[in-house]
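**Student:** This is the structure, below, for whatever I ask next.
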Amino acid sequence: MVGITNKVLLAEIRRQQQLSQSIVEGQTAISTGKTLNKPSDDALAWVQVSELGRAQAQQAAWQSNVSTSLTRSTTADDSLDEMKNLLTQAQELMTSARNGALNDTSRAAIVEQMKTIRTTIDSLLNQTDFNGVPTFDDGQSILTPVGRGLNLAVVGTKQDVSEGIDVNGTPTTLDAILAQSIAALESGNDADLSTGLDAIKAGQNHIILEQTKQGVRGNRLEEIGTRLTTLDIDIKERRDNLEATNLQEVISSTAAKLLQLDAAQASYARINQQTLFDLIK
């Protein structure tokens, strides 16, 4: 009889230990917000959560690329807009230079302003950010991964922006156009000034076209960023459904188990207070 009683007591101890462990797991689920903490909790759900975790990591990498790319795209667009405005200023200077009433001092001042415009545009073409990343790619646009099997050219190249400008059927560069205009200003020849003015207008039209292309790149990046955000929310919801704690259910279950454990421990304490003679009666 004593042996049987001892077995019962040991079984009760194990039951209370299991109940205590279950309570600890419930309290952990409440504090962390997760009920799925190890494979044994739900093997299938654990595998699915692992796959969703990898998908989230990949999504985060793509979103980071999109964010960085949008910054580059915006910088490129701003630079192109500044170039456009500088070329508008250059046209105004060339037009004013055709005024025959200008004296040598005024003409020399215009030449200096044109030289400044030329230097500024060259600086815009070759500028880099604080990390040394250029505003425009050199030679060939770098493709950036922003999705599964999707790699985009974020910005145009310096060559796209500054070369291949059609001036009366002849391809030329933005720098050559400005150099030609400065030479015309220095010579004062009206025919050369007129030719230089037309070339600057052609250069500005080219910049406007490149700015339009850059706008298309930026819009596509924004669309992809929005889609990635939507997908990320969907993945997070699916993961939460698998591992997130149902607080109302877990709190209720844990509270019930605490009551059971308190009752079991109280009963166990009363049993242990009995003597050997009490147990074998």
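Letters for chains follow the order of the structure tokens (A, B, ...), residue numbers begin at 1 for each chain, and ligand numbers begin at 1 in the order shown.
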If you take only C-alpha atoms and a cut-off of 12 Å, which residues of stretch 87-205 of chain A touch stretch 41-60 of chain A, and what are their nearest atom pairs and distances in Å to one decimal, in chain and number order, as JSON lines?

**Tutor:**
{"residue": "A:Pro145", "atom": "CA", "partner": "A:Gln58", "partner_atom": "CA", "distance": 10.7}
{"residue": "A:Val146", "atom": "CA", "partner": "A:Gln59", "partner_atom": "CA", "distance": 8.8}
{"residue": "A:Gly147", "atom": "CA", "partner": "A:Gln59", "partner_atom": "CA", "distance": 7.9}
{"residue": "A:Arg148", "atom": "CA", "partner": "A:Gln58", "partner_atom": "CA", "distance": 9.1}

**Student:** When DSSP works through the backbone of this structure, what residues of stretch 115-161 of chain A end up as helix (DSSP H, G or I), shown as a short mmCIF file (atom, residue, chain, number, x, y, z; two decimals) with C-alpha atoms, in the first residue's frame?

**Tutor:**
data_model
loop_
_atom_site.label_atom_id
_atom_site.label_comp_id
_atom_site.auth_asym_id
_atom_site.auth_seq_id
_atom_site.Cartn_x
_atom_site.Cartn_y
_atom_site.Cartn_z
CA LYS A 115 32.18 80.02 -67.59
CA THR A 116 30.64 79.59 -64.14
CA ILE A 117 27.61 77.87 -65.68
CA ARG A 118 29.91 75.52 -67.59
CA THR A 119 31.88 74.67 -64.43
CA THR A 120 28.72 74.15 -62.38
CA ILE A 121 27.17 71.80 -64.93
CA ASP A 122 30.41 69.79 -65.07
CA SER A 123 30.34 69.61 -61.26
CA LEU A 124 26.73 68.39 -61.31
CA LEU A 125 27.64 65.68 -63.79
CA ASN A 126 30.49 64.40 -61.62
CA LYS A 158 26.95 60.92 -67.46
CA GLN A 159 27.25 60.10 -71.14
CA ASP A 160 23.46 59.87 -71.52
CA VAL A 161 23.09 63.31 -69.99
#

**Student:** Might you pull out every residue within 12 Å of A:Ala199, with only C-alpha atoms counted and same-chain residues fewer than 6 positions away left off, and present them as a list in words?

**Tutor:** Leu87, Ala90, Gln91, Met94, Ile165, Asp166, Val167, Asn168, Gly169, Thr170, Pro171, Thr172, Thr173, Leu174, Asp175, Ala176, Ile177, Leu178, Ala179, Gln180, Ser181, Ile182, Ala184, Asp192, Leu193, Asn205 and His206 of chain A

**Student:** So that I can check the surroundings of A:Ala153, please list as a ChimeraX atom specification every protein, DNA and RNA residue that reaches within 6 Å of it, counting only C-alpha atoms and ignoring chain neighbours fewer than 5 positions away.

**Tutor:** /A:141-143

**Student:** Could the residues in this selection be saved with C-alpha atoms as a PDB file, in the first residue's frame?

**Tutor:**
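Written file, again_29.pdb:
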ATOM      1  CA  SER A 141      23.865  52.180 -65.782  1.00  0.00           C
ATOM      2  CA  ILE A 142      24.275  49.900 -62.777  1.00  0.00           C
ATOM      3  CA  LEU A 143      21.376  47.494 -62.315  1.00  0.00           C
TER       4      LEU A 143
END

**Student:** Going by DSSP on the backbone, which bits of stretch 70-160 of chain A are strand (DSSP E or B)? Write them as a PyMOL selection string, please.

**Tutor:** chain A and resi 128+134+137+143-147+150-153+157

**Student:** How would the residues just chosen look if you wrote them out with N, CA and C atoms as a short mmCIF file (atom, residue, chain, number, x, y, z; two decimals), in the first residue's frame?

**Tutor:**
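Okay, result24.cif is ready:
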data_model
loop_
_atom_site.label_atom_id
_atom_site.label_comp_id
_atom_site.auth_asym_id
_atom_site.auth_seq_id
_atom_site.Cartn_x
_atom_site.Cartn_y
_atom_site.Cartn_z
N THR A 128 29.27 63.38 -56.25
CA THR A 128 29.03 62.13 -55.51
C THR A 128 28.40 62.48 -54.17
N PRO A 134 28.30 58.10 -57.08
CA PRO A 134 28.05 59.18 -58.04
C PRO A 134 26.56 59.38 -58.30
N ASP A 137 25.72 57.29 -63.21
CA ASP A 137 26.66 56.21 -63.48
C ASP A 137 27.59 56.59 -64.62
N LEU A 143 22.67 48.09 -62.59
CA LEU A 143 21.38 47.49 -62.31
C LEU A 143 21.27 47.13 -60.83
N THR A 144 20.18 47.52 -60.21
CA THR A 144 19.96 47.27 -58.79
C THR A 144 18.83 46.28 -58.60
N PRO A 145 19.04 45.19 -57.83
CA PRO A 145 17.96 44.23 -57.59
C PRO A 145 16.90 44.82 -56.65
N VAL A 146 15.65 44.83 -57.11
CA VAL A 146 14.56 45.38 -56.31
C VAL A 146 13.38 44.41 -56.21
N GLY A 147 13.59 43.18 -56.66
CA GLY A 147 12.55 42.17 -56.62
C GLY A 147 13.07 40.87 -57.19
N LEU A 150 14.09 40.96 -60.77
CA LEU A 150 13.88 42.32 -61.26
C LEU A 150 15.05 43.22 -60.87
N ASN A 151 15.80 43.66 -61.87
CA ASN A 151 16.93 44.56 -61.67
C ASN A 151 16.71 45.82 -62.51
N LEU A 152 16.81 46.98 -61.85
CA LEU A 152 16.50 48.23 -62.54
C LEU A 152 17.71 49.15 -62.61
N ALA A 153 17.77 49.93 -63.72
CA ALA A 153 18.72 51.03 -63.83
C ALA A 153 18.12 52.20 -63.08
N THR A 157 23.42 57.58 -67.24
CA THR A 157 24.87 57.76 -67.17
C THR A 157 25.24 59.22 -67.49
#

**Student:** Write out as a CSV table (one decimal) with N, CA and C atoms, in the first residue's frame which residues come within 12 Å of A:Asp104 when counting only C-alpha atoms, dropping same-chain ones fewer than 5 positions away.

**Tutor:**
chain,number,residue,atom,x,y,z
A,97,ALA,N,23.7,89.3,-74.8
A,97,ALA,CA,25.0,89.6,-75.5
A,97,ALA,C,24.9,90.1,-76.9
A,99,ASN,N,22.9,92.2,-77.8
A,99,ASN,CA,22.6,93.6,-77.8
A,99,ASN,C,23.9,94.4,-78.2
A,109,ALA,N,31.8,90.3,-68.3
A,109,ALA,CA,31.0,89.8,-67.2
A,109,ALA,C,30.1,88.6,-67.6
A,110,ILE,N,29.5,88.8,-68.8
A,110,ILE,CA,28.7,87.7,-69.3
A,110,ILE,C,29.5,86.4,-69.6
A,111,VAL,N,30.7,86.7,-70.1
A,111,VAL,CA,31.6,85.5,-70.4
A,111,VAL,C,32.0,84.8,-69.1
A,185,LEU,N,30.9,84.5,-77.5
A,185,LEU,CA,30.8,85.7,-76.6
A,185,LEU,C,32.1,86.5,-76.7
A,186,GLU,N,33.2,85.8,-76.6
A,186,GLU,CA,34.5,86.5,-76.6
A,186,GLU,C,34.8,87.1,-78.0
A,187,SER,N,34.3,86.5,-79.1
A,187,SER,CA,34.5,87.1,-80.4
A,187,SER,C,33.5,88.2,-80.7
A,188,GLY,N,32.3,88.1,-80.1
A,188,GLY,CA,31.3,89.2,-80.3
A,188,GLY,C,30.6,89.0,-81.7

**Student:** What gap, in Å, lies between atom CA of A:Asn103 and atom CA of A:Ala191?

**Tutor:** 18.3 Å

**Student:** Which one of A:Ile207, A:Ala202, A:Ala61, A:Val155 sits closest to A:Lys84 if you count only C-alpha atoms?

**Tutor:**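 Comparing A:Ile207, A:Ala202, A:Ala61, A:Val155 against A:Lys84, the winner is A:Ile207.
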
**Student:** To one decimal in Å, tell me the separation between atom CA of A:Thr95 and atom CA of A:Leu197.

**Tutor:**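 Atom-to-atom, atom CA of A:Thr95 to atom CA of A:Leu197, that is 7.4 Å.
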
**Student:** Mind giving me the straight-line distance from atom CA of A:Leu86 to atom CA of A:Gly156 in Å, one decimal?

**Tutor:**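 Distance reported for this atom pair: 19.5 Å.
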
**Student:** With only C-alpha atoms as the basis for distance, which of A:Asp138, A:Asp78, A:Glu163, A:Asp190 is at the shortest distance from A:Arg98?

**Tutor:**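 For A:Arg98, the nearest of the candidates is A:Asp190.
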
**Student:** Set out as a Markdown table a contact list for stretch 77-128 of chain A and stretch 214-218 of chain A with a cut-off of 12 Å, giving each residue of stretch 77-128 of chain A that qualifies its closest atom pair and distance in Å to one decimal, counting only C-alpha atoms, ordered by chain and rising residue number.

**Tutor:**
| residue | atom | partner | partner_atom | distance |
| --- | --- | --- | --- | --- |
| A:Asp77 | CA | A:Gln214 | CA | 6.2 |
| A:Asp78 | CA | A:Gln214 | CA | 10.0 |
| A:Ser79 | CA | A:Gln214 | CA | 10.7 |
| A:Leu80 | CA | A:Gln214 | CA | 8.9 |
| A:Asp81 | CA | A:Gln214 | CA | 10.7 |
